[in-house]
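A.B. asks: Input structure: target-v2.cif, which contains mmCIF, C-alpha atoms and all ligand atoms.
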```
data_model
loop_
_atom_site.label_atom_id
_atom_site.label_comp_id
_atom_site.auth_asym_id
_atom_site.auth_seq_id
_atom_site.Cartn_x
_atom_site.Cartn_y
_atom_site.Cartn_z
CA VAL B 85 -4.94 -49.70 -42.30
CA THR B 86 -6.50 -46.25 -42.25
CA SER B 87 -7.58 -44.90 -45.58
CA PHE B 88 -8.60 -41.50 -46.81
CA TRP B 89 -10.46 -40.39 -49.89
CA CYS B 90 -9.62 -36.89 -51.07
CA GLU B 91 -11.85 -34.78 -53.24
CA HIS B 92 -8.60 -33.34 -54.64
CA ALA B 93 -4.95 -33.85 -53.70
CA VAL B 94 -1.55 -32.55 -54.84
CA ILE B 95 0.48 -35.46 -56.21
CA ASP B 96 3.81 -35.08 -58.01
CA ARG B 97 3.36 -31.35 -58.50
CA SER B 98 -0.16 -31.58 -59.93
CA VAL B 99 -3.71 -31.55 -58.60
CA ARG B 100 -5.55 -34.86 -59.02
CA ALA B 101 -9.23 -35.56 -58.32
CA ARG B 102 -10.86 -38.39 -56.33
CA VAL B 103 -7.69 -39.74 -54.73
CA ARG B 104 -7.61 -42.70 -52.33
CA ILE B 105 -4.69 -42.76 -49.91
CA GLU B 106 -4.10 -45.87 -47.85
CA THR B 107 -1.85 -45.75 -44.83
CA ALA B 108 -0.37 -48.35 -42.51
CA ASP B 109 1.94 -47.86 -39.51
CA GLY B 110 2.05 -44.13 -40.17
CA GLU B 111 3.18 -44.40 -43.78
CA ILE B 112 1.43 -44.11 -47.14
CA VAL B 113 1.08 -47.56 -48.72
CA ALA B 114 -1.14 -46.77 -51.73
CA VAL B 115 -2.13 -43.67 -53.73
CA VAL B 116 -4.86 -44.10 -56.36
CA PRO B 117 -6.27 -41.08 -58.24
CA ASP B 118 -9.57 -41.02 -60.17
CA THR B 119 -11.24 -43.65 -58.06
CA ALA B 120 -14.37 -44.02 -55.96
CA ALA B 121 -14.36 -43.97 -52.17
CA MET B 122 -14.63 -47.21 -50.21
CA PRO B 123 -17.23 -47.33 -47.43
CA THR B 124 -14.59 -47.25 -44.69
CA ASP B 125 -12.61 -44.34 -46.15
CA ARG B 126 -12.41 -41.14 -44.22
CA LYS B 127 -13.50 -38.44 -46.72
CA LEU B 128 -11.42 -35.28 -46.95
CA ALA B 129 -13.17 -32.42 -48.72
CA GLY B 130 -11.38 -29.54 -50.44
CA LEU B 131 -7.75 -29.82 -51.49
CA VAL B 132 -5.36 -32.16 -49.66
CA LEU B 133 -1.74 -31.01 -49.49
CA PRO B 134 1.23 -33.01 -48.26
CA GLY B 135 2.25 -32.28 -44.65
CA LEU B 136 3.76 -28.81 -44.18
CA ALA B 137 7.06 -28.39 -42.35
CA ASN B 138 7.98 -25.67 -39.91
CA ALA B 139 11.71 -26.10 -40.29
CA HIS B 140 12.71 -23.40 -37.79
CA SER B 141 10.95 -22.76 -34.48
CA HIS B 142 11.74 -21.42 -31.03
CA ALA B 143 8.48 -22.42 -29.30
CA PHE B 144 8.87 -20.07 -26.34
CA HIS B 145 9.10 -16.98 -28.56
CA ARG B 146 5.33 -17.33 -28.99
CA ALA B 147 5.06 -15.40 -25.70
CA LEU B 148 6.43 -12.31 -27.49
CA ARG B 149 3.78 -11.99 -30.18
CA GLY B 150 2.13 -8.59 -30.29
CA ARG B 151 4.13 -7.31 -27.32
CA THR B 152 7.38 -5.97 -28.77
CA HIS B 153 6.17 -2.98 -30.78
CA SER B 154 5.90 -0.22 -28.12
CA ASP B 155 7.29 3.07 -29.45
CA GLY B 156 7.85 1.25 -32.72
CA GLY B 157 10.22 -1.25 -31.08
CA THR B 158 13.80 -2.07 -32.05
CA PHE B 159 15.68 -5.33 -32.37
CA TRP B 160 16.81 -4.74 -28.79
CA THR B 161 13.29 -4.26 -27.32
CA TRP B 162 12.49 -7.60 -28.94
CA ARG B 163 15.61 -9.29 -27.61
CA ASP B 164 15.26 -7.89 -24.07
CA LEU B 165 11.75 -9.29 -23.80
CA MET B 166 12.91 -12.63 -25.26
CA TYR B 167 15.62 -12.83 -22.58
CA ARG B 168 13.11 -11.91 -19.83
CA VAL B 169 10.81 -14.72 -20.96
CA ALA B 170 13.74 -17.15 -21.13
CA ASP B 171 14.80 -16.18 -17.59
CA ARG B 172 11.39 -16.98 -16.18
CA LEU B 173 10.61 -20.26 -17.91
CA THR B 174 10.70 -23.42 -15.80
CA PRO B 175 10.26 -26.91 -17.23
CA ASP B 176 6.55 -26.71 -16.22
CA SER B 177 5.77 -23.32 -17.73
CA TYR B 178 7.86 -24.16 -20.80
CA PHE B 179 5.85 -27.34 -21.26
CA ASP B 180 2.53 -25.43 -21.13
CA LEU B 181 3.72 -22.77 -23.54
CA ALA B 182 5.26 -25.23 -26.01
CA ARG B 183 2.21 -27.53 -25.83
CA ALA B 184 -0.17 -24.68 -26.72
CA THR B 185 2.19 -23.32 -29.39
CA PHE B 186 2.55 -26.73 -31.06
CA ALA B 187 -1.24 -27.11 -31.00
CA GLU B 188 -1.50 -23.73 -32.76
CA MET B 189 0.98 -25.02 -35.35
CA VAL B 190 -1.02 -28.18 -36.01
CA LEU B 191 -4.23 -26.16 -36.36
CA ALA B 192 -2.41 -24.01 -38.94
CA GLY B 193 -1.40 -27.06 -41.00
CA TYR B 194 2.14 -27.68 -39.77
CA THR B 195 2.71 -31.42 -39.39
CA VAL B 196 6.40 -31.38 -38.40
CA VAL B 197 8.46 -28.86 -36.47
CA GLY B 198 12.21 -28.34 -36.21
CA GLU B 199 12.60 -27.01 -32.69
CA PHE B 200 15.85 -25.03 -32.51
CA HIS B 201 16.15 -25.59 -28.80
CA TYR B 202 18.60 -23.49 -26.79
CA LEU B 203 16.84 -23.25 -23.43
CA HIS B 204 18.52 -25.89 -21.32
CA ALA B 205 18.47 -26.61 -17.60
CA GLY B 206 21.43 -28.96 -17.42
CA SER B 207 19.30 -31.86 -16.25
CA GLY B 208 17.41 -32.69 -19.45
CA ALA B 209 14.16 -31.36 -17.95
CA MET B 210 13.69 -28.72 -20.64
CA GLU B 211 14.26 -31.28 -23.41
CA ASP B 212 11.71 -33.61 -21.81
CA ALA B 213 9.26 -30.70 -21.52
CA VAL B 214 9.48 -29.75 -25.19
CA LEU B 215 9.30 -33.34 -26.43
CA SER B 216 6.31 -34.15 -24.21
CA ALA B 217 4.61 -30.96 -25.38
CA ALA B 218 5.02 -32.00 -29.03
CA ALA B 219 3.83 -35.54 -28.35
CA GLU B 220 0.67 -34.30 -26.62
CA ALA B 221 -0.06 -31.78 -29.36
CA GLY B 222 0.37 -34.57 -31.92
CA ILE B 223 3.05 -32.84 -34.03
CA ARG B 224 6.13 -34.59 -35.39
CA ILE B 225 9.34 -33.02 -34.04
CA THR B 226 13.05 -32.88 -34.73
CA LEU B 227 14.78 -31.60 -31.60
CA LEU B 228 17.63 -29.44 -32.88
CA ASP B 229 19.56 -29.36 -29.65
CA THR B 230 21.64 -26.23 -29.75
CA LEU B 231 25.29 -25.58 -28.94
CA TYR B 232 25.70 -22.10 -27.44
CA LEU B 233 28.97 -21.12 -25.78
CA ASP B 234 29.67 -17.38 -26.10
CA GLY B 235 27.66 -14.21 -25.57
CA GLY B 236 28.33 -12.72 -28.99
CA LEU B 237 30.87 -10.92 -31.12
CA ASP B 238 31.64 -7.22 -30.92
CA PRO B 239 31.86 -5.35 -34.23
CA ASP B 240 35.68 -5.45 -33.89
CA GLY B 241 35.51 -9.25 -33.75
CA SER B 242 36.22 -9.73 -30.04
CA THR B 243 34.22 -12.36 -28.17
CA VAL B 244 31.70 -11.26 -25.56
CA GLY B 245 31.22 -13.42 -22.47
CA LEU B 246 27.87 -14.96 -21.61
CA SER B 247 25.42 -12.62 -19.87
CA ALA B 248 23.39 -13.85 -16.89
CA SER B 249 20.42 -14.61 -19.21
CA GLN B 250 22.59 -16.38 -21.78
CA ARG B 251 24.04 -18.77 -19.17
CA ARG B 252 20.69 -20.51 -19.43
CA PHE B 253 21.44 -21.32 -23.09
CA SER B 254 24.91 -22.71 -22.62
CA ASP B 255 26.34 -26.12 -21.78
CA LEU B 256 29.74 -24.36 -21.42
CA SER B 257 31.58 -26.92 -23.55
CA VAL B 258 31.10 -29.03 -26.68
CA GLU B 259 31.59 -32.17 -24.54
CA ASN B 260 28.84 -31.21 -22.06
CA TRP B 261 26.51 -30.38 -24.93
CA GLN B 262 27.12 -33.69 -26.63
CA ALA B 263 26.69 -35.64 -23.37
CA ARG B 264 23.39 -33.91 -22.54
CA ARG B 265 22.15 -34.21 -26.13
CA SER B 266 22.98 -37.91 -26.35
CA ALA B 267 21.04 -38.66 -23.15
CA VAL B 268 17.69 -37.37 -24.50
CA SER B 269 15.26 -40.15 -25.38
CA MET B 270 12.87 -39.73 -28.31
CA GLY B 271 9.27 -40.88 -28.67
CA PRO B 272 7.76 -42.33 -31.87
CA LEU B 273 7.12 -38.97 -33.59
CA ALA B 274 10.42 -37.46 -32.50
CA ARG B 275 13.99 -37.60 -33.69
CA GLY B 276 17.24 -35.98 -32.69
CA GLY B 277 19.13 -33.29 -34.51
CA ALA B 278 21.75 -30.72 -33.67
CA ALA B 279 22.29 -27.01 -34.03
CA VAL B 280 25.07 -24.49 -33.71
CA HIS B 281 23.41 -21.29 -32.54
CA SER B 282 25.57 -19.11 -34.82
CA ILE B 283 29.19 -18.10 -35.28
CA ARG B 284 28.38 -15.36 -32.74
CA ALA B 285 27.73 -17.95 -30.03
CA VAL B 286 30.27 -20.62 -30.97
CA ASP B 287 33.90 -20.08 -31.94
CA PRO B 288 34.13 -21.76 -35.36
CA ARG B 289 37.52 -23.22 -34.42
CA LEU B 290 35.61 -25.55 -32.08
CA LEU B 291 33.53 -26.98 -34.91
CA SER B 292 36.05 -29.13 -36.76
CA ASN B 293 34.94 -32.46 -35.25
CA LEU B 294 31.25 -31.55 -35.11
CA VAL B 295 30.27 -33.51 -38.21
CA GLU B 296 31.56 -36.72 -36.57
CA LEU B 297 29.76 -35.93 -33.31
CA VAL B 298 26.50 -35.29 -35.10
CA ALA B 299 26.84 -38.50 -37.14
CA GLY B 300 24.36 -37.88 -39.93
CA ASP B 301 21.71 -36.08 -37.85
CA PRO B 302 20.27 -32.88 -39.30
CA LEU B 303 22.51 -29.95 -38.36
CA HIS B 304 21.16 -26.40 -38.39
CA ALA B 305 22.71 -22.99 -37.70
CA HIS B 306 21.60 -19.36 -37.80
CA LEU B 307 23.61 -17.75 -40.58
CA SER B 308 24.04 -14.11 -41.60
CA GLU B 309 20.61 -13.00 -40.40
CA GLN B 310 21.86 -9.46 -39.95
CA SER B 311 24.77 -7.72 -41.64
CA ALA B 312 26.37 -7.00 -38.22
CA GLU B 313 27.23 -10.71 -37.98
CA ASN B 314 29.16 -10.52 -41.24
CA THR B 315 31.01 -7.38 -40.13
CA ALA B 316 32.07 -9.05 -36.86
CA ALA B 317 33.09 -12.31 -38.58
CA LEU B 318 35.20 -10.41 -41.11
CA ALA B 319 36.83 -8.47 -38.26
CA ALA B 320 37.49 -11.62 -36.20
CA TRP B 321 38.47 -14.13 -38.89
CA GLY B 322 38.69 -12.25 -42.17
CA VAL B 323 35.99 -14.37 -43.84
CA THR B 324 32.20 -14.61 -43.94
CA PRO B 325 30.15 -16.81 -41.57
CA THR B 326 29.29 -19.13 -44.50
CA ARG B 327 32.99 -19.60 -45.30
CA LEU B 328 33.64 -20.41 -41.60
CA PHE B 329 31.00 -23.15 -41.64
CA ALA B 330 32.32 -24.41 -44.98
CA ASP B 331 35.91 -24.55 -43.68
CA ALA B 332 34.70 -26.50 -40.62
CA GLY B 333 33.23 -29.04 -43.06
CA LEU B 334 29.64 -28.50 -41.96
CA LEU B 335 27.97 -27.65 -45.28
CA GLY B 336 26.26 -30.47 -47.14
CA GLU B 337 22.94 -32.27 -47.47
CA ASN B 338 22.45 -32.58 -43.70
CA PHE B 339 23.13 -28.89 -43.14
CA THR B 340 20.51 -26.17 -42.96
CA ALA B 341 21.46 -22.51 -42.78
CA VAL B 342 18.69 -20.51 -41.16
CA HIS B 343 17.96 -17.07 -42.69
CA GLY B 344 20.97 -16.61 -45.02
CA THR B 345 19.80 -13.04 -45.46
CA HIS B 346 23.12 -11.30 -46.13
CA LEU B 347 25.19 -13.56 -48.39
CA SER B 348 28.03 -12.83 -50.79
CA ASP B 349 28.14 -14.44 -54.25
CA ASP B 350 30.78 -16.81 -52.90
CA ASP B 351 28.51 -17.76 -49.96
CA ILE B 352 25.63 -18.50 -52.35
CA GLU B 353 27.93 -20.66 -54.44
CA LEU B 354 29.17 -22.60 -51.39
CA LEU B 355 25.66 -23.30 -50.09
CA GLY B 356 24.50 -24.30 -53.56
CA GLN B 357 27.43 -26.56 -54.51
CA THR B 358 27.17 -28.50 -51.26
CA GLY B 359 23.41 -29.09 -51.60
CA SER B 360 22.80 -27.38 -48.28
CA THR B 361 19.32 -26.20 -47.33
CA VAL B 362 18.59 -22.56 -46.54
CA CYS B 363 15.59 -22.02 -44.30
CA PHE B 364 13.88 -18.68 -44.83
CA CYS B 365 11.62 -17.27 -42.10
CA PRO B 366 9.89 -14.44 -43.96
CA THR B 367 7.43 -13.31 -41.27
CA THR B 368 10.24 -13.12 -38.72
CA GLU B 369 12.75 -11.52 -41.08
CA ARG B 370 10.31 -8.72 -41.85
CA ASP B 371 9.24 -8.32 -38.21
CA LEU B 372 12.85 -7.92 -37.09
CA GLY B 373 13.85 -5.79 -40.08
CA ASP B 374 16.55 -8.25 -41.13
CA GLY B 375 16.32 -7.76 -44.86
CA ILE B 376 15.43 -9.97 -47.84
CA GLY B 377 17.64 -12.97 -48.56
CA PRO B 378 18.67 -14.08 -52.08
CA ALA B 379 16.19 -16.99 -52.33
CA SER B 380 16.07 -17.49 -56.08
CA ALA B 381 19.85 -17.06 -56.46
CA LEU B 382 20.34 -19.78 -53.83
CA ALA B 383 17.89 -22.10 -55.57
CA ALA B 384 19.60 -21.46 -58.92
CA ALA B 385 22.98 -22.30 -57.34
CA GLY B 386 21.64 -25.68 -56.15
CA ALA B 387 20.59 -25.00 -52.55
CA ARG B 388 17.28 -26.34 -51.31
CA LEU B 389 14.91 -23.85 -49.70
CA ALA B 390 12.74 -24.53 -46.66
CA LEU B 391 10.54 -22.34 -44.48
CA GLY B 392 10.09 -21.70 -40.77
CA SER B 393 8.04 -19.47 -38.48
CA ASP B 394 11.02 -18.89 -36.14
CA GLN B 395 9.81 -16.41 -33.48
CA HIS B 396 6.10 -17.00 -34.22
CA ALA B 397 5.03 -13.41 -34.80
CA VAL B 398 2.82 -15.36 -37.22
CA ILE B 399 2.09 -19.10 -37.32
CA ASP B 400 0.76 -19.67 -40.81
CA PRO B 401 2.57 -21.84 -43.38
CA PHE B 402 0.79 -20.09 -46.26
CA GLU B 403 1.98 -16.69 -45.08
CA GLU B 404 5.62 -17.92 -44.97
CA LEU B 405 5.35 -19.48 -48.42
CA ARG B 406 3.86 -16.33 -49.92
CA GLY B 407 6.36 -14.19 -47.98
CA LEU B 408 9.23 -15.97 -49.73
CA GLU B 409 7.79 -15.18 -53.14
CA MET B 410 6.43 -11.71 -52.36
CA HIS B 411 9.59 -10.36 -50.70
CA GLU B 412 11.55 -11.44 -53.77
CA ARG B 413 9.03 -9.73 -56.02
CA LEU B 414 9.47 -6.47 -54.12
CA ALA B 415 13.26 -6.74 -54.18
CA ALA B 416 13.48 -7.81 -57.83
CA GLU B 417 10.61 -5.67 -59.13
CA ALA B 418 9.38 -8.74 -60.98
CA ARG B 419 6.67 -11.39 -60.48
CA GLY B 420 6.90 -15.15 -60.76
CA ARG B 421 10.17 -15.82 -58.89
CA PHE B 422 9.08 -19.40 -58.09
CA ASP B 423 6.33 -21.38 -59.71
CA PRO B 424 3.46 -22.40 -57.41
CA ALA B 425 4.35 -26.12 -57.33
CA GLU B 426 7.96 -25.28 -56.49
CA LEU B 427 6.87 -22.97 -53.66
CA LEU B 428 4.75 -25.73 -52.16
CA GLU B 429 7.80 -28.03 -52.17
CA HIS B 430 9.77 -25.44 -50.19
CA ALA B 431 6.98 -25.54 -47.60
CA SER B 432 6.68 -29.34 -47.53
CA ALA B 433 9.19 -31.91 -48.86
CA ASN B 434 12.27 -29.67 -48.49
CA GLY B 435 11.43 -28.92 -44.86
CA TYR B 436 10.91 -32.60 -44.12
CA SER B 437 14.28 -33.54 -45.56
CA ALA B 438 15.97 -30.68 -43.68
CA LEU B 439 14.55 -32.21 -40.50
CA GLY B 440 15.60 -35.78 -41.36
CA TRP B 441 12.19 -37.21 -42.31
CA ASN B 442 10.90 -38.81 -45.51
CA GLY B 443 7.67 -36.85 -45.90
CA GLY B 444 6.02 -33.72 -47.22
CA THR B 445 4.97 -35.57 -50.34
CA ILE B 446 1.99 -37.77 -51.17
CA ARG B 447 3.57 -40.94 -52.47
CA VAL B 448 4.01 -44.57 -51.44
CA GLY B 449 6.63 -44.95 -48.72
CA ALA B 450 6.35 -41.37 -47.45
CA LEU B 451 5.04 -40.48 -43.99
CA ALA B 452 1.25 -40.31 -43.85
CA ASP B 453 1.05 -36.59 -43.05
CA LEU B 454 -1.73 -34.68 -44.84
CA VAL B 455 -3.38 -31.26 -44.67
CA ALA B 456 -6.89 -30.62 -46.03
CA VAL B 457 -7.68 -27.04 -47.05
CA ASP B 458 -11.12 -25.53 -47.55
CA THR B 459 -11.57 -24.53 -51.20
CA GLY B 460 -14.80 -22.60 -50.61
CA SER B 461 -14.01 -20.15 -47.80
CA VAL B 462 -14.28 -16.39 -48.21
CA ARG B 463 -10.54 -16.39 -48.86
CA THR B 464 -10.19 -19.37 -51.15
CA ALA B 465 -13.47 -19.39 -53.13
CA GLY B 466 -12.77 -19.09 -56.84
CA ALA B 467 -9.01 -19.68 -56.61
CA ALA B 468 -7.45 -22.20 -58.98
CA LEU B 469 -6.62 -25.40 -57.10
CA ASP B 470 -3.04 -25.55 -58.38
CA GLN B 471 -2.30 -22.20 -56.75
CA LEU B 472 -4.74 -22.30 -53.83
CA TRP B 473 -1.86 -21.62 -51.43
CA PHE B 474 -1.65 -18.08 -52.81
CA ALA B 475 -5.12 -17.49 -51.36
CA ALA B 476 -5.44 -19.73 -48.29
CA THR B 477 -4.50 -18.90 -44.71
CA ALA B 478 -4.07 -21.06 -41.62
CA ALA B 479 -7.79 -20.51 -40.93
CA ASP B 480 -8.65 -22.54 -44.04
CA VAL B 481 -7.05 -25.74 -42.74
CA THR B 482 -9.88 -28.13 -41.89
CA THR B 483 -8.27 -31.52 -41.24
CA VAL B 484 -4.71 -32.49 -40.33
CA VAL B 485 -3.43 -36.05 -40.44
CA ILE B 486 -0.08 -36.95 -38.84
CA ALA B 487 1.29 -40.50 -39.07
CA GLY B 488 -2.09 -41.62 -40.38
CA GLU B 489 -3.96 -40.22 -37.33
CA ILE B 490 -6.40 -37.31 -37.44
CA VAL B 491 -5.03 -34.57 -35.17
CA VAL B 492 -7.24 -31.69 -36.32
CA ASP B 493 -10.80 -32.47 -37.29
CA ASP B 494 -13.26 -29.90 -38.63
CA ARG B 495 -10.86 -27.08 -37.63
CA ARG B 496 -10.65 -28.34 -34.04
CA HIS B 497 -7.71 -29.71 -32.10
CA ALA B 498 -8.32 -32.36 -29.41
CA PHE B 499 -7.21 -29.75 -26.82
CA GLY B 500 -10.35 -27.68 -27.55
CA ASP B 501 -9.81 -23.95 -27.17
CA VAL B 502 -6.14 -23.49 -28.09
CA GLY B 503 -6.44 -19.68 -27.80
CA GLU B 504 -7.32 -20.06 -24.14
CA LEU B 505 -4.40 -22.45 -23.58
CA LEU B 506 -2.04 -19.95 -25.17
CA ALA B 507 -3.41 -17.08 -23.06
CA GLU B 508 -3.00 -19.10 -19.85
CA ALA B 509 0.50 -20.26 -20.73
CA ILE B 510 1.64 -16.74 -21.68
CA ALA B 511 0.06 -15.23 -18.53
CA LYS B 512 1.99 -17.76 -16.46
CA VAL B 513 5.27 -16.54 -17.94
CA GLY B 514 4.07 -13.12 -16.79
CA THR B 515 6.49 -10.56 -18.23
ZN ZN B 601 15.91 -18.60 -34.95
#
```
Starting from the file, give its structure as structure tokens.
C.D. replies:
Amino acid sequence: VTSFWCEHAVIDRSVRARVRIETADGEIVAVVPDTAAMPTDRKLAGLVLPGLANAHSHAFHRALRGRTHSDGGTFWTWRDLMYRVADRLTPDSYFDLARATFAEMVLAGYTVVGEFHYLHAGSGAMEDAVLSAAAEAGIRITLLDTLYLDGGLDPDGSTVGLSASQRRFSDLSVENWQARRSAVSMGPLARGGAAVHSIRAVDPRLLSNLVELVAGDPLHAHLSEQSAENTAALAAWGVTPTRLFADAGLLGENFTAVHGTHLSDDDIELLGQTGSTVCFCPTTERDLGDGIGPASALAAAGARLALGSDQHAVIDPFEELRGLEMHERLAAEARGRFDPAELLEHASANGYSALGWNGGTIRVGALADLVAVDTGSVRTAGAALDQLWFAATAADVTTVVIAGEIVVDDRRHAFGDVGELLAEAIAKVGT
């Protein structure tokens, strides 16, 4: 048994003082507020939050940060560089880049990542690389192994063939994808999941037996990130991308739509009624100029909301959480779209469930994943504890516990200088 004593911790939506948390075999087995520490307890100062979930990541996009803005940059300057990086990555250089990126995530307070993985090499070497990288960095992972078959959709709805770069992403058939995906073996902090890249990359008519193939695993898909996708879907099939996924039977509690930026009222209703999750990626959506999705309308319709850092222009769970609220405030010209406790659940428990784990909450039976945040830094000093996440940044994370083990201690990861690791890994990709 490993036990922790927290100066303060968030339990059932409220901040409690002097909380003992006992763990065994990676799970929480006791939670006792208002109690003294035992001599063997590991003391956690500040405010302890449940583990924070990064429900949408493409680890290799980290190599693009701060390099796509020349002459202002367009979506296409971003995508060209992303394809160049993808072309160059080998299992070895992908491992180094993913390992450093996952370490950056853990330092920032992310305890689980949903890796939306579309960079295959046929052999399983890229899947092994990304899983080994996560295991070494100490982060929990759901490998959302991605089906990618076509190059895109023209505005008139016609299918575009795979480009040379995109061949790298494709298994060429649903059968090949399923065979490769089923052969991947998972370590103790890893589990399988599936993804459909988008209705641009997979003909929705091929999706009708997907739910059976996926057999209860989390299933994610990019959905209506940009309005061009809706235009092309309407031209090709006469309905929205959400309606295509709904008709293929994919929506439901195991389904997560990523972005959901441009949704009709009917789309919102479909996602809500089915209890689907919608994963917002605010720092990416603003970087790429995608727009602001209807977060509070989705929540009101019954959808769960989760958060992801997607292309990693920023890796900071607090920035994503605030982005969700702040973008809505700008769009709605009103404050208080979500209450602080609700926002924290989007960043924690909802992301865990979207990734197929019972965590992101401090209660008996949940995974023993915890994040301690400094309450006295220049950013957080004076902030009320029940809304500290409106003031904190990734730099305020002091200790991170994953499966009952300390992975970040006193703001340091076991790897040492993660900035240096990132610089080396990005230099090796050399674009
Ligand atoms: Zn994405």
A.B. asks: Grab me every residue within 7 Å of ligand ZN 601 (chain B), counting all atoms listed in the file, and send it over as number ranges by chain.
C.D. replies: B: 140-142, 200, 306, 394-395
A.B. asks: For Asp240 in chain B, find every residue with an atom within 7 Å (counting all atoms listed in the file), except residues of its own chain fewer than 5 positions away, and show them as a PyMOL selection string.
C.D. replies: chain B and resi 316+319-320
A.B. asks: Could you list as an NGL selection string every residue that has an atom within 6 Å of (-2.1, -22.8, -42.9), using the file's coordinates and counting only C-alpha atoms?
C.D. replies: :B and (192-193 or 400-402 or 477-478 or 481)
A.B. asks: Using all atoms listed in the file, which residues sit within 8 Å of Gln357 in chain B once same-chain residues fewer than 5 positions away are excluded, as a compact mmCIF listing (two decimals) with C-alpha atoms, in the frame of the given file?
C.D. replies:
```txt
# COMPACT_ATOMS: atom_id res chain seq x y z
CA ALA B 385 22.98 -22.30 -57.34
CA GLY B 386 21.64 -25.68 -56.15
CA ALA B 387 20.59 -25.00 -52.55
```
A.B. asks: Tell me which of B:Ile352, B:Ala465, B:Ala476, B:Leu173 sits closest to Ala330 in chain B, counting all atoms listed in the file.
C.D. replies: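 Smallest distance to Ala330 in chain B is found for B:Ile352.
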A.B. asks: From (26.8, -11.5, -39.7), in the file's coordinates, out to 10 Å: which residues are reached, counting all atoms listed in the file? Answer as a count of residues only.
C.D. replies: 25
A.B. asks: Got a sec: who's within 10 Å of Arg289 in chain B, counting all atoms listed in the file, leaving out chain neighbours fewer than 5 positions off, as a count of residues only?
C.D. replies: 5
A.B. asks: Restricting the calculation to all atoms listed in the file: of B:Val513, B:Leu215, B:Met122, B:Ala397, which residue gets closest to Arg172 in chain B?
C.D. replies: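 For Arg172 in chain B, the nearest of the given residues is B:Val513.
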A.B. asks: Using CA of Asp109 in chain B and CA of Ile223 in chain B as the two end points, give the distance in Å to one decimal.
C.D. replies: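 Separation between CA of Asp109 in chain B and CA of Ile223 in chain B: 16.0 Å.
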A.B. asks: Might you pull out every residue within 9 Å of range 98-101 of chain B, with only C-alpha atoms counted and same-chain residues fewer than 3 positions away left off, and present them as a PyMOL selection string?
C.D. replies: chain B and resi 90-95+117-119+131+425+469-470
A.B. asks: Take the residues from that selection and write them out as a PDB file, in the coordinates of the input, keeping C-alpha atoms.
C.D. replies:
```pdb
ATOM      1  CA  CYS B  90      -9.620 -36.890 -51.070  1.00  0.00           C
ATOM      2  CA  GLU B  91     -11.850 -34.780 -53.240  1.00  0.00           C
ATOM      3  CA  HIS B  92      -8.600 -33.340 -54.640  1.00  0.00           C
ATOM      4  CA  ALA B  93      -4.950 -33.850 -53.700  1.00  0.00           C
ATOM      5  CA  VAL B  94      -1.550 -32.550 -54.840  1.00  0.00           C
ATOM      6  CA  ILE B  95       0.480 -35.460 -56.210  1.00  0.00           C
ATOM      7  CA  PRO B 117      -6.270 -41.080 -58.240  1.00  0.00           C
ATOM      8  CA  ASP B 118      -9.570 -41.020 -60.170  1.00  0.00           C
ATOM      9  CA  THR B 119     -11.240 -43.650 -58.060  1.00  0.00           C
ATOM     10  CA  LEU B 131      -7.750 -29.820 -51.490  1.00  0.00           C
ATOM     11  CA  ALA B 425       4.350 -26.120 -57.330  1.00  0.00           C
ATOM     12  CA  LEU B 469      -6.620 -25.400 -57.100  1.00  0.00           C
ATOM     13  CA  ASP B 470      -3.040 -25.550 -58.380  1.00  0.00           C
TER      14      ASP B 470
END
```
A.B. asks: If we count all atoms listed in the file and set the cut-off at 6 Å, which residues sit around Leu227 in chain B, ignoring sequence neighbours fewer than 6 positions away in its own chain? Please answer as a list in words.
C.D. replies: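 The filter keeps Glu199, Gly276 and Gly277 of chain B.
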A.B. asks: Have a look at B:Gly392, B:Val455, B:Ala263, B:Ser348 and name the one nearest to Pro378 in chain B; count all atoms listed in the file.
C.D. replies: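 Residue with the minimum atom-to-atom distance to Pro378 in chain B: B:Ser348.
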A.B. asks: What is the CA of Ala418 in chain B to CA of Glu353 in chain B distance in Å?
C.D. replies: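 Interatomic distance, CA of Ala418 in chain B to CA of Glu353 in chain B: 23.0 Å.
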